[in-house]
Structures are given as structure tokens and as C-alpha cells.
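This is final34.csv. It holds CSV, C-alpha atoms.
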chain,number,residue,atom,x,y,z
A,1,MET,CA,191.4,-85.1,68.1
A,2,ILE,CA,187.9,-85.1,69.7
A,3,ALA,CA,189.3,-83.3,72.7
A,4,ARG,CA,190.7,-80.6,70.5
A,5,SER,CA,187.4,-80.2,68.6
A,6,SER,CA,185.5,-79.9,71.9
A,7,LEU,CA,188.0,-77.3,73.1
A,8,TYR,CA,187.6,-75.4,69.8
A,9,PHE,CA,183.8,-75.3,70.0
A,10,ALA,CA,184.0,-74.4,73.7
A,11,ASN,CA,186.2,-71.4,72.8
A,12,VAL,CA,183.9,-70.3,70.0
A,13,SER,CA,180.9,-70.5,72.3
A,14,TYR,CA,182.8,-68.5,74.9
A,15,LEU,CA,183.8,-65.9,72.3
A,16,LYS,CA,180.2,-65.6,71.1
A,17,LYS,CA,179.0,-65.0,74.7
A,18,ILE,CA,181.6,-62.2,75.1
A,19,ILE,CA,180.6,-60.6,71.9
A,20,LYS,CA,176.9,-60.9,72.8
A,21,GLY,CA,177.6,-59.4,76.2
A,22,CYS,CA,179.5,-56.5,74.7
A,23,LEU,CA,176.7,-55.8,72.2
A,24,GLN,CA,174.2,-55.8,75.1
A,25,LEU,CA,176.4,-53.4,77.1
A,26,VAL,CA,176.7,-51.1,74.1
A,27,ILE,CA,172.9,-51.1,73.5
A,28,ILE,CA,172.1,-50.5,77.2
A,29,SER,CA,174.7,-47.7,77.3
A,30,CYS,CA,173.3,-46.0,74.3
A,31,ILE,CA,169.7,-46.2,75.6
A,32,THR,CA,170.9,-44.9,79.0
A,33,LEU,CA,172.7,-42.0,77.4
A,34,LEU,CA,169.7,-41.2,75.2
A,35,LEU,CA,167.4,-41.2,78.2
A,36,PHE,CA,169.8,-39.0,80.1
A,37,GLU,CA,170.0,-36.6,77.2
A,38,VAL,CA,166.2,-36.3,77.1
A,39,VAL,CA,166.1,-35.7,80.9
A,40,TYR,CA,169.0,-33.1,80.6
A,41,ARG,CA,167.8,-31.3,77.5
A,42,TYR,CA,164.3,-30.8,78.8
A,43,GLY,CA,165.4,-29.8,82.4
A,44,VAL,CA,163.5,-32.6,84.1
A,45,ILE,CA,166.0,-32.4,86.9
A,46,ASP,CA,167.8,-29.4,88.2
A,47,PHE,CA,171.3,-30.5,87.2
A,48,TYR,CA,172.9,-27.2,88.4
A,49,LYS,CA,171.3,-27.0,91.8
A,50,ALA,CA,174.6,-27.2,93.7
A,51,GLU,CA,176.3,-24.5,91.6
A,52,ILE,CA,173.4,-22.1,92.0
A,53,GLU,CA,173.1,-22.8,95.7
A,54,ALA,CA,176.9,-21.9,96.1
A,55,LEU,CA,176.4,-18.6,94.4
A,56,ASN,CA,173.2,-17.4,96.1
A,57,SER,CA,171.6,-17.2,99.6
A,58,LYS,CA,169.0,-19.6,100.7
A,59,ASN,CA,166.4,-16.9,101.0
A,60,THR,CA,167.1,-15.8,97.4
A,61,ILE,CA,166.8,-19.3,96.0
A,62,GLU,CA,163.5,-19.9,97.9
A,63,SER,CA,162.0,-16.7,96.7
A,64,ASP,CA,159.2,-16.8,94.1
A,65,SER,CA,159.9,-13.3,92.8
A,66,ILE,CA,163.3,-11.9,91.8
A,67,ASP,CA,164.1,-8.5,90.3
A,68,TYR,CA,167.1,-9.7,88.2
A,69,LEU,CA,167.9,-13.1,86.9
A,70,VAL,CA,171.5,-13.2,85.7
A,71,PHE,CA,172.5,-15.9,83.2
A,72,GLY,CA,176.3,-16.3,82.7
A,73,ASP,CA,179.3,-18.5,82.7
A,74,SER,CA,182.6,-18.7,84.5
A,75,PHE,CA,182.9,-14.9,84.3
A,76,SER,CA,179.9,-14.7,86.7
A,77,THR,CA,181.1,-17.2,89.3
A,78,PRO,CA,184.3,-16.1,91.1
A,79,THR,CA,184.3,-14.8,94.6
A,80,ASN,CA,183.1,-11.1,94.7
A,81,ASN,CA,181.9,-11.3,91.1
A,82,TYR,CA,180.1,-8.5,89.3
A,83,VAL,CA,176.7,-9.9,90.4
A,84,ASP,CA,177.7,-9.8,94.1
A,85,ARG,CA,178.9,-6.3,93.6
A,86,LEU,CA,175.7,-5.2,92.1
A,87,GLN,CA,173.8,-6.7,95.0
A,88,LYS,CA,175.9,-4.9,97.5
A,89,LYS,CA,175.4,-1.6,95.7
A,90,HIS,CA,171.7,-2.1,95.4
A,91,PRO,CA,170.5,-4.0,98.5
A,92,GLU,CA,166.9,-3.0,97.7
A,93,ILE,CA,167.1,-5.0,94.5
A,94,SER,CA,167.1,-8.8,94.4
A,95,PHE,CA,169.5,-10.7,92.2
A,96,LEU,CA,169.8,-14.4,91.4
A,97,ASN,CA,173.1,-15.5,89.9
A,98,LEU,CA,172.5,-18.4,87.5
A,99,GLY,CA,176.1,-18.3,86.2
A,100,ILE,CA,177.4,-21.8,85.5
A,101,SER,CA,181.0,-22.4,84.5
A,102,GLY,CA,181.6,-24.1,81.2
A,103,THR,CA,178.0,-23.5,79.9
A,104,GLY,CA,176.8,-21.7,76.8
A,105,ILE,CA,173.4,-20.9,75.3
A,106,LYS,CA,172.6,-24.6,74.6
A,107,GLN,CA,173.0,-25.5,78.2
A,108,VAL,CA,171.2,-22.3,79.4
A,109,ASN,CA,168.2,-23.2,77.3
A,110,THR,CA,167.8,-26.5,79.2
A,111,PHE,CA,166.9,-24.7,82.4
A,112,ALA,CA,166.0,-21.1,81.5
A,113,ARG,CA,162.3,-21.6,81.0
A,114,LYS,CA,161.8,-23.2,84.4
A,115,LYS,CA,163.9,-20.6,86.2
A,116,ILE,CA,162.0,-17.7,84.5
A,117,LYS,CA,158.7,-19.3,85.4
A,118,LYS,CA,159.7,-20.0,89.0
A,119,TYR,CA,161.2,-16.6,89.8
A,120,ASN,CA,159.0,-14.2,87.7
A,121,PRO,CA,161.8,-11.8,87.1
A,122,LYS,CA,161.3,-8.1,86.2
A,123,HIS,CA,164.6,-8.1,84.4
A,124,ILE,CA,167.1,-10.5,83.0
A,125,ILE,CA,170.9,-10.1,82.3
A,126,TYR,CA,172.4,-12.5,79.8
A,127,GLN,CA,176.2,-12.5,79.6
A,128,VAL,CA,177.9,-13.5,76.3
A,129,TYR,CA,181.6,-14.3,76.2
A,130,ILE,CA,183.3,-13.7,72.8
A,131,GLY,CA,186.1,-16.2,73.7
A,132,ASN,CA,184.1,-19.4,73.4
A,133,ASP,CA,180.4,-18.9,73.1
A,134,LEU,CA,180.3,-19.8,69.4
A,135,LEU,CA,182.3,-22.9,70.2
A,136,ASP,CA,179.6,-24.0,72.6
A,137,VAL,CA,177.2,-24.4,69.7
A,138,LYS,CA,179.8,-26.2,67.5
A,139,HIS,CA,183.2,-27.3,68.8
A,140,LEU,CA,186.4,-27.2,66.9
A,141,SER,CA,188.1,-30.3,65.5
A,142,ASN,CA,191.8,-31.0,64.6
A,143,TRP,CA,192.6,-34.7,64.1
A,144,LYS,CA,196.2,-33.8,63.3
A,145,ASP,CA,197.2,-31.9,66.4
A,146,LEU,CA,194.8,-33.0,69.1
A,147,SER,CA,194.1,-36.4,70.5
A,148,VAL,CA,191.5,-38.8,69.1
A,149,THR,CA,189.7,-38.7,72.5
A,150,ARG,CA,189.4,-34.9,72.4
A,151,ASN,CA,188.1,-34.8,68.8
A,152,VAL,CA,185.6,-37.6,69.5
A,153,TYR,CA,184.4,-35.8,72.7
A,154,TRP,CA,184.0,-32.5,70.9
A,155,GLY,CA,182.2,-34.2,68.0
A,156,ILE,CA,179.8,-36.0,70.2
A,157,THR,CA,178.9,-33.0,72.3
A,158,ASN,CA,178.0,-31.1,69.2
A,159,TYR,CA,174.9,-33.2,69.2
A,160,ILE,CA,174.6,-34.5,72.8
A,161,SER,CA,174.3,-31.5,75.1
A,162,SER,CA,174.5,-33.6,78.2
A,163,GLY,CA,178.0,-34.8,77.2
A,164,VAL,CA,179.4,-31.5,78.4
A,165,TYR,CA,177.7,-31.9,81.8
A,166,ILE,CA,178.8,-35.5,82.2
A,167,ASN,CA,182.4,-34.6,81.4
A,168,GLN,CA,182.3,-31.7,83.9
A,169,ARG,CA,180.9,-33.9,86.6
A,170,LEU,CA,183.6,-36.6,86.0
A,171,LYS,CA,186.2,-33.9,86.4
A,172,GLY,CA,184.5,-32.1,89.2
A,173,PHE,CA,184.2,-29.0,86.9
A,174,SER,CA,188.0,-28.8,87.2
A,175,SER,CA,188.4,-28.1,83.5
A,176,ASN,CA,186.5,-24.8,84.0
A,177,LYS,CA,188.2,-23.7,87.1
A,178,ILE,CA,191.0,-21.1,87.0
A,179,ASP,CA,194.4,-22.6,87.7
A,180,THR,CA,195.7,-21.1,91.0
A,181,ARG,CA,199.1,-20.9,89.4
A,182,ALA,CA,197.7,-18.6,86.8
A,183,LEU,CA,196.3,-16.3,89.6
A,184,LYS,CA,199.7,-16.1,91.4
A,185,LYS,CA,201.9,-15.7,88.4
A,186,GLU,CA,202.7,-12.0,88.0
A,187,VAL,CA,204.1,-12.2,84.5
A,188,PHE,CA,202.8,-13.8,81.4
A,189,SER,CA,204.1,-17.4,80.8
A,190,VAL,CA,203.2,-19.6,77.9
A,191,PRO,CA,203.6,-22.9,79.8
A,192,LEU,CA,201.5,-21.6,82.7
A,193,TYR,CA,198.7,-20.1,80.6
A,194,THR,CA,195.4,-21.9,81.0
A,195,LYS,CA,195.5,-25.2,79.2
A,196,ARG,CA,192.1,-24.8,77.5
A,197,GLN,CA,193.0,-21.5,75.8
A,198,ARG,CA,196.3,-23.0,74.5
A,199,MET,CA,194.3,-26.1,73.3
A,200,LEU,CA,191.8,-23.9,71.4
A,201,PHE,CA,194.6,-22.1,69.5
A,202,LYS,CA,196.3,-25.4,68.8
A,203,ALA,CA,193.0,-26.7,67.3
A,204,ASP,CA,192.5,-23.6,65.2
A,205,SER,CA,194.9,-20.6,65.5
A,206,ASP,CA,192.3,-18.5,63.6
A,207,TYR,CA,189.3,-19.3,65.8
A,208,LEU,CA,189.3,-16.2,67.8
A,209,TYR,CA,189.7,-13.8,64.9
A,210,ASN,CA,187.0,-15.7,63.0
A,211,THR,CA,184.7,-15.5,66.0
A,212,ILE,CA,185.1,-11.7,66.3
A,213,THR,CA,184.8,-11.1,62.5
A,214,LEU,CA,182.4,-14.0,61.7
A,215,GLN,CA,184.5,-15.4,58.9
A,216,ASP,CA,184.8,-18.8,57.3
A,217,ASP,CA,182.5,-21.4,59.0
A,218,PHE,CA,182.1,-19.2,62.1
A,219,MET,CA,179.2,-17.5,60.3
A,220,ASP,CA,177.5,-20.9,60.4
A,221,ARG,CA,178.3,-21.1,64.1
A,222,TYR,CA,176.8,-17.6,64.6
A,223,ASP,CA,173.6,-18.7,62.8
A,224,SER,CA,173.3,-21.7,65.2
A,225,TRP,CA,174.0,-19.4,68.2
A,226,LYS,CA,171.4,-16.9,66.9
A,227,LYS,CA,168.8,-19.6,66.6
A,228,ALA,CA,169.5,-20.7,70.2
A,229,MET,CA,169.4,-17.1,71.5
A,230,THR,CA,166.1,-16.5,69.7
A,231,SER,CA,164.7,-19.6,71.5
A,232,PHE,CA,165.9,-18.1,74.8
A,233,LEU,CA,164.4,-14.6,74.1
A,234,GLU,CA,161.1,-16.0,72.9
A,235,ILE,CA,160.5,-17.6,76.3
A,236,VAL,CA,161.0,-14.3,78.1
A,237,PRO,CA,157.7,-12.4,78.7
A,238,SER,CA,157.5,-9.2,76.7
A,239,ASP,CA,157.2,-7.1,79.9
A,240,VAL,CA,160.5,-8.4,81.2
A,241,THR,CA,163.5,-6.3,80.0
A,242,VAL,CA,166.6,-8.2,78.9
A,243,SER,CA,170.1,-6.8,78.9
A,244,VAL,CA,172.5,-8.8,76.8
A,245,VAL,CA,176.1,-8.0,77.8
A,246,PHE,CA,179.0,-9.0,75.5
A,247,VAL,CA,182.2,-9.6,77.4
A,248,PRO,CA,185.2,-9.3,75.0
A,249,HIS,CA,188.2,-11.6,74.9
A,250,CYS,CA,191.3,-9.9,76.4
A,251,ALA,CA,193.0,-9.7,73.0
A,252,GLN,CA,190.3,-7.3,71.9
A,253,VAL,CA,191.0,-4.9,74.8
A,254,ASN,CA,194.7,-4.3,75.1
A,255,ASN,CA,197.9,-4.7,72.9
A,256,GLN,CA,199.7,-6.6,75.7
A,257,TYR,CA,197.0,-9.3,75.8
A,258,TYR,CA,197.0,-9.3,72.0
A,259,THR,CA,200.7,-10.0,71.9
A,260,ASN,CA,200.4,-12.7,74.5
A,261,MET,CA,197.8,-14.5,72.4
A,262,LEU,CA,200.2,-14.4,69.4
A,263,GLU,CA,202.8,-16.2,71.6
A,264,LEU,CA,200.2,-18.8,72.5
A,265,GLY,CA,199.7,-19.5,68.8
A,266,ALA,CA,196.8,-17.3,67.8
A,267,GLN,CA,196.7,-15.7,64.4
A,268,PHE,CA,194.9,-12.5,63.5
A,269,LYS,CA,194.5,-11.4,59.9
A,270,ASN,CA,193.9,-7.8,60.9
A,271,LYS,CA,194.7,-6.2,64.3
A,272,GLU,CA,192.3,-3.3,63.7
A,273,ASN,CA,189.4,-5.6,63.1
A,274,THR,CA,190.3,-7.6,66.1
A,275,GLN,CA,190.3,-4.6,68.4
A,276,GLU,CA,187.5,-2.6,66.8
A,277,ASN,CA,184.9,-1.4,69.3
A,278,ASN,CA,181.9,-2.1,67.1
A,279,TYR,CA,183.2,-5.5,66.0
A,280,VAL,CA,181.3,-7.7,63.6
A,281,PHE,CA,179.9,-10.3,66.1
A,282,TYR,CA,178.4,-7.6,68.3
A,283,ALA,CA,177.2,-5.4,65.5
A,284,LYS,CA,175.4,-8.2,63.7
A,285,ALA,CA,173.7,-9.5,66.9
A,286,VAL,CA,172.4,-6.0,67.6
A,287,LYS,CA,171.0,-5.8,64.1
A,288,ASP,CA,169.6,-9.4,64.0
A,289,PHE,CA,167.7,-9.1,67.3
A,290,GLN,CA,166.3,-5.6,66.9
A,291,ALA,CA,162.7,-7.0,66.5
A,292,PHE,CA,162.9,-7.9,70.2
A,293,THR,CA,161.9,-4.4,71.6
A,294,HIS,CA,162.4,-5.4,75.2
A,295,VAL,CA,166.0,-6.5,74.6
A,296,SER,CA,169.0,-4.1,74.9
A,297,PHE,CA,172.6,-4.9,73.9
A,298,TYR,CA,175.6,-3.6,75.8
A,299,ASN,CA,179.2,-3.6,74.7
A,300,PRO,CA,181.7,-2.7,77.4
A,301,ILE,CA,184.8,-2.9,75.3
A,302,LYS,CA,185.4,0.8,75.1
A,303,TYR,CA,185.0,1.2,78.8
A,304,LEU,CA,187.3,-1.8,79.5
A,305,LYS,CA,190.0,-0.3,77.2
A,306,GLN,CA,189.9,2.9,79.2
A,307,LYS,CA,190.2,1.1,82.5
A,308,ASP,CA,192.9,-1.4,81.5
A,309,ALA,CA,196.4,0.0,82.2
A,310,PRO,CA,199.9,-1.4,83.1
A,311,LEU,CA,199.2,-1.0,86.8
A,312,ASN,CA,195.5,-1.9,86.6
A,313,ARG,CA,195.2,-5.0,84.4
A,314,LEU,CA,191.6,-6.3,84.1
A,315,TYR,CA,192.5,-9.9,83.0
A,316,TYR,CA,194.8,-12.4,84.6
A,317,ASN,CA,198.3,-12.7,83.2
A,318,ASN,CA,197.9,-16.4,82.5
A,319,ASP,CA,194.1,-16.8,82.1
A,320,PRO,CA,191.6,-15.0,79.9
A,321,HIS,CA,189.1,-14.4,82.7
A,322,PHE,CA,188.6,-11.1,84.6
A,323,ASN,CA,190.7,-10.7,87.7
A,324,ASP,CA,189.3,-8.7,90.7
A,325,GLN,CA,189.9,-5.4,88.9
A,326,GLY,CA,188.1,-6.8,85.8
A,327,GLN,CA,185.1,-7.9,87.9
A,328,LYS,CA,185.0,-4.4,89.4
A,329,ALA,CA,185.2,-2.8,85.9
A,330,ILE,CA,182.3,-4.8,84.4
A,331,TYR,CA,180.3,-4.2,87.6
A,332,GLU,CA,180.9,-0.4,87.2
A,333,PHE,CA,179.9,-0.6,83.6
A,334,LEU,CA,176.7,-2.4,84.2
A,335,ASP,CA,175.9,-0.2,87.2
A,336,GLU,CA,176.2,2.8,84.9
A,337,VAL,CA,174.4,1.6,81.8
A,338,ILE,CA,171.6,-0.4,83.5
A,339,PHE,CA,171.0,1.0,86.9
A,340,ASP,CA,172.1,4.6,86.7
A,341,LYS,CA,169.9,5.6,83.7

The structure in this file should be written as C-alpha cells.
Amino acid sequence: MIARSSLYFANVSYLKKIIKGCLQLVIISCITLLLFEVVYRYGVIDFYKAEIEALNSKNTIESDSIDYLVFGDSFSTPTNNYVDRLQKKHPEISFLNLGISGTGIKQVNTFARKKIKKYNPKHIIYQVYIGNDLLDVKHLSNWKDLSVTRNVYWGITNYISSGVYINQRLKGFSSNKIDTRALKKEVFSVPLYTKRQRMLFKADSDYLYNTITLQDDFMDRYDSWKKAMTSFLEIVPSDVTVSVVFVPHCAQVNNQYYTNMLELGAQFKNKENTQENNYVFYAKAVKDFQAFTHVSFYNPIKYLKQKDAPLNRLYYNNDPHFNDQGQKAIYEFLDEVIFDK
């Protein structure tokens, strides 16, 4: 009996130690994450140094004066991207490509101030992507159709900006790379279409339409995006011109892409509103930021519609990014509206 009691108390003591150790681990993890968030959010460390070095020459990075700083996302990072093409066309002008895959305005604001101060640009190009920029300020959620892990991750990163960076690093940024199968496939295929786009429609089949037209809770997302964009524009000196370029989702450009999105699970309440040239998101942004007199807004959708054709598709068949012809088209558009004035 005494032996059993001793064993019981020993087990209880051991269990208490385990619980205490787990609590200590949780507390330490929370404190570490909090400190990391502060370091990330205020740009104490250049977290995207490797990505920027991969896109730019050493001489450009080491310069203290750049003509054009270009802030973008995965549309700005492929080989022979539109920034590279602009640099080749205008060798007398210096460009620094700050495009980081998987980032939005919240992530850009963590390093924009230091980059602007370091490089003293004369001009800035900021690229917006309709397909997911409003999701960067507040992610979707769908506890019924998506995993608990996915919903928890999206929920946490609504408040912890560094969570996106940590996840990308753990995956080697693979979640934001274009699937090589999507590049090689010459016809549209639902199973081969990029997993992220399929997941977004699974989470909310209306998300793209609501982004374009700012309906339902996407007006709240827009307000958060506008606040973050205002913070970005306010750190830009008034003598530096800013060109904000809106890259449309492929469904806005061509009926073929539109039909493909329907097959992927997208829902659009009105096709005309979806493919309208002066769509709500863009039109409202132009109106809301008109007080910034050094900022110009550019909408290439009409130009892209004219260029996109059966034998000259601008987007990949199984990925919503620009293909090589798309990169060429957006380069030609920017060259015309910004550099050939």
C-alpha cells in the first residue's frame, strides 16, 4: 500500500514537472515571437536582403541614389520581369527592384522607410495586384472546407505580420513560386492549376468578385488597405513622384480566363462589373488618394485586353501570374505611360 502511494505521488510530481515545463515553453515561445514581431515590423533587420540581392546587381544595391525604386510582389520577380525590361530599355536610368513574392502593403511598410531613406529615389513605382492584395490585410477563413491549421495560420497572421515571413522561410518561399508544371502545361487543367488560387476560391468563391467591386466585408478590407497605403505614401517625400500600378486578375482581362475561374469554383454576380475597365477598387482608390498630388494611378486593364489574344496569352494557362508575354505587355504599358510622356 505504501509502495503504491509513493508511486502515485511520484507520478503526480512528474506530471506537475511536465505541465510546468510546457507552460514555461509556451511563455518563452510567446515572448520570442513577440520580440521577433517587433524586430520584423520595425525593420530592425533587413529580412529580405537575399531576395533583393537576387533581383539586382551589386552596384545597384550599394548605390546611395536610385532613380526608380520599384515595390512589388511575385509579378515583379520572374526572370526577365518588367523591371528588367525597363532597365534594358533605359540604361541611363537606375532601377532597384524591391519585389518580394508573397508580400503586400503590410510587409512593404516594414522596410519601405529605410529603403527610401537609403536610396533617395527620384521616383517610386508601387505595384498593386487585384488577386490578393486585400487578402494581405485580412485573410479569408472557412472552418468548414479548410483545415484547422490553415484557418489558425490565416487568423494569426491577420495580427502578426512576421507570421507570413516565418511561414515562407520554413517553406523556402515555395508557396509563392510558380509550379513548373503550370508553366509547361499548354492547356487549362483544374488539377494542375496553382494550389493557392484553388484554395482561395474554396475558402470563399465570391472573394475575387467582392475584391473587384468592394462588396460585403471587402469594403472593410479596402479601408485597412487604404490606411496602410496612406502610411506608405506619407513617408515618401513630396518631391518624389509615385506611380501606383494596378495589375488586374486574369479573370478581368479575358473571357477564357473568366471561364477558367468558374471551373475552379469562382462565383461572379455580374460579368460586366468583373471585367469593367474602371472597376470599383481602382476607381475608389484614385478618388481616395487624390490629395496626394505627387501620386499618379495607372490602370493597364484596357491595354492588356487589347494585347491578350488566343495566340498571345498574357497569363499562364494554370497560374494567374503573367507569362513572358504578359511581362512584356506590362513593361510596354509602363514604358508608354511613365517614360514616354

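Using all atoms listed in the file for every distance, the candidate list A:Ala203, A:Met261, A:Leu98, A:Val137 yields A:Leu98 as the residue closest to Ile125 of chain A.
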
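Surrounding residues of (183.3, -27.3, 74.4) at most 10 Å away are Gly102, Thr103, Gly104, Asn132, Asp133, Leu134, Leu135, Asp136, Val137, Lys138, His139, Leu140, Arg150, Tyr153, Trp154, Gly155, Thr157, Asn158, Ser161, Gly163, Val164, Arg196 and Leu200 of chain A (based on all atoms listed in the file).
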
One decimal place gives the atom CA of Ser189 of chain A-atom CA of Thr213 of chain A separation as 27.3 Å

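Among the candidates A:Phe75, A:Phe322, A:Tyr82, A:Phe188, the one nearest to Thr259 of chain A when counting all atoms listed in the file is A:Phe188.
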
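When only C-alpha atoms are used to compute distances to Val240 of chain A, the closest of the residues A:Gly43, A:Pro78, A:Gly99, A:Pro121 turns out to be A:Pro121.
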
Can you list, as a count of residues only, every protein, DNA or RNA residue that comes within 10 Å of Ile160 of chain A when you count only C-alpha atoms, leaving out same-chain residues fewer than 5 positions away?
11

Which distance in Å separates atom CA of Asp239 of chain A and atom CA of Asp84 of chain A, to one decimal?
25.1 Å

Point (190.6, -2.4, 79.3) neighbourhood (10 Å, only C-alpha atoms) written as number ranges by chain:
A: 248, 250-255, 300-309, 312-315, 326, 329

Writer output for current selection, C-alpha atoms, as a PDB file, keeping the file's coordinate frame:
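Contents of part-v2.pdb, as written:
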ATOM      1  CA  PRO A 248     185.200  -9.300  75.000  1.00  0.00           C
ATOM      2  CA  CYS A 250     191.300  -9.900  76.400  1.00  0.00           C
ATOM      3  CA  ALA A 251     193.000  -9.700  73.000  1.00  0.00           C
ATOM      4  CA  GLN A 252     190.300  -7.300  71.900  1.00  0.00           C
ATOM      5  CA  VAL A 253     191.000  -4.900  74.800  1.00  0.00           C
ATOM      6  CA  ASN A 254     194.700  -4.300  75.100  1.00  0.00           C
ATOM      7  CA  ASN A 255     197.900  -4.700  72.900  1.00  0.00           C
ATOM      8  CA  PRO A 300     181.700  -2.700  77.400  1.00  0.00           C
ATOM      9  CA  ILE A 301     184.800  -2.900  75.300  1.00  0.00           C
ATOM     10  CA  LYS A 302     185.400   0.800  75.100  1.00  0.00           C
ATOM     11  CA  TYR A 303     185.000   1.200  78.800  1.00  0.00           C
ATOM     12  CA  LEU A 304     187.300  -1.800  79.500  1.00  0.00           C
ATOM     13  CA  LYS A 305     190.000  -0.300  77.200  1.00  0.00           C
ATOM     14  CA  GLN A 306     189.900   2.900  79.200  1.00  0.00           C
ATOM     15  CA  LYS A 307     190.200   1.100  82.500  1.00  0.00           C
ATOM     16  CA  ASP A 308     192.900  -1.400  81.500  1.00  0.00           C
ATOM     17  CA  ALA A 309     196.400   0.000  82.200  1.00  0.00           C
ATOM     18  CA  ASN A 312     195.500  -1.900  86.600  1.00  0.00           C
ATOM     19  CA  ARG A 313     195.200  -5.000  84.400  1.00  0.00           C
ATOM     20  CA  LEU A 314     191.600  -6.300  84.100  1.00  0.00           C
ATOM     21  CA  TYR A 315     192.500  -9.900  83.000  1.00  0.00           C
ATOM     22  CA  GLY A 326     188.100  -6.800  85.800  1.00  0.00           C
ATOM     23  CA  ALA A 329     185.200  -2.800  85.900  1.00  0.00           C
TER      24      ALA A 329
END

In Å to one decimal, how far is atom CA of Pro91 of chain A from atom CA of Ser65 of chain A?
15.2 Å

As a compact mmCIF listing (two decimals), in the coordinates of the input, the rebuilt segment 210-230 of chain A with N, CA and C atoms:
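Saved the output as out.txt:
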# COMPACT_ATOMS: atom_id res chain seq x y z
N ASN A 210 188.22 -15.34 63.74
CA ASN A 210 187.00 -15.70 63.00
C ASN A 210 185.75 -15.53 63.81
N THR A 211 185.86 -15.72 65.12
CA THR A 211 184.70 -15.50 66.00
C THR A 211 184.36 -13.99 66.01
N ILE A 212 185.37 -13.15 66.19
CA ILE A 212 185.10 -11.70 66.30
C ILE A 212 184.60 -11.14 64.98
N THR A 213 185.11 -11.65 63.85
CA THR A 213 184.80 -11.10 62.50
C THR A 213 183.74 -11.95 61.78
N LEU A 214 183.36 -13.11 62.34
CA LEU A 214 182.40 -14.00 61.70
C LEU A 214 182.81 -14.44 60.32
N GLN A 215 184.04 -14.90 60.20
CA GLN A 215 184.50 -15.40 58.90
C GLN A 215 184.58 -16.88 58.86
N ASP A 216 184.70 -17.38 57.62
CA ASP A 216 184.80 -18.80 57.30
C ASP A 216 183.52 -19.51 57.94
N ASP A 217 183.70 -20.67 58.55
CA ASP A 217 182.50 -21.40 59.00
C ASP A 217 181.99 -20.85 60.35
N PHE A 218 182.58 -19.76 60.86
CA PHE A 218 182.10 -19.20 62.10
C PHE A 218 180.77 -18.39 61.84
N MET A 219 180.48 -18.08 60.61
CA MET A 219 179.20 -17.50 60.30
C MET A 219 178.09 -18.57 60.52
N ASP A 220 178.39 -19.82 60.18
CA ASP A 220 177.50 -20.90 60.40
C ASP A 220 177.27 -21.12 61.95
N ARG A 221 178.37 -21.01 62.69
CA ARG A 221 178.30 -21.10 64.10
C ARG A 221 177.40 -19.97 64.69
N TYR A 222 177.61 -18.78 64.16
CA TYR A 222 176.80 -17.60 64.60
C TYR A 222 175.33 -17.88 64.32
N ASP A 223 175.01 -18.43 63.16
CA ASP A 223 173.60 -18.70 62.80
C ASP A 223 172.98 -19.69 63.81
N SER A 224 173.76 -20.69 64.23
CA SER A 224 173.30 -21.70 65.20
C SER A 224 173.09 -20.97 66.57
N TRP A 225 174.05 -20.12 66.93
CA TRP A 225 174.00 -19.40 68.20
C TRP A 225 172.75 -18.43 68.15
N LYS A 226 172.53 -17.77 67.03
CA LYS A 226 171.40 -16.90 66.90
C LYS A 226 170.07 -17.62 67.05
N LYS A 227 170.00 -18.79 66.48
CA LYS A 227 168.80 -19.60 66.60
C LYS A 227 168.54 -19.97 68.07
N ALA A 228 169.60 -20.37 68.77
CA ALA A 228 169.50 -20.70 70.20
C ALA A 228 169.13 -19.51 71.03
N MET A 229 169.73 -18.36 70.73
CA MET A 229 169.40 -17.10 71.50
C MET A 229 167.99 -16.69 71.21
N THR A 230 167.52 -16.88 69.99
CA THR A 230 166.10 -16.50 69.70
C THR A 230 165.18 -17.39 70.52
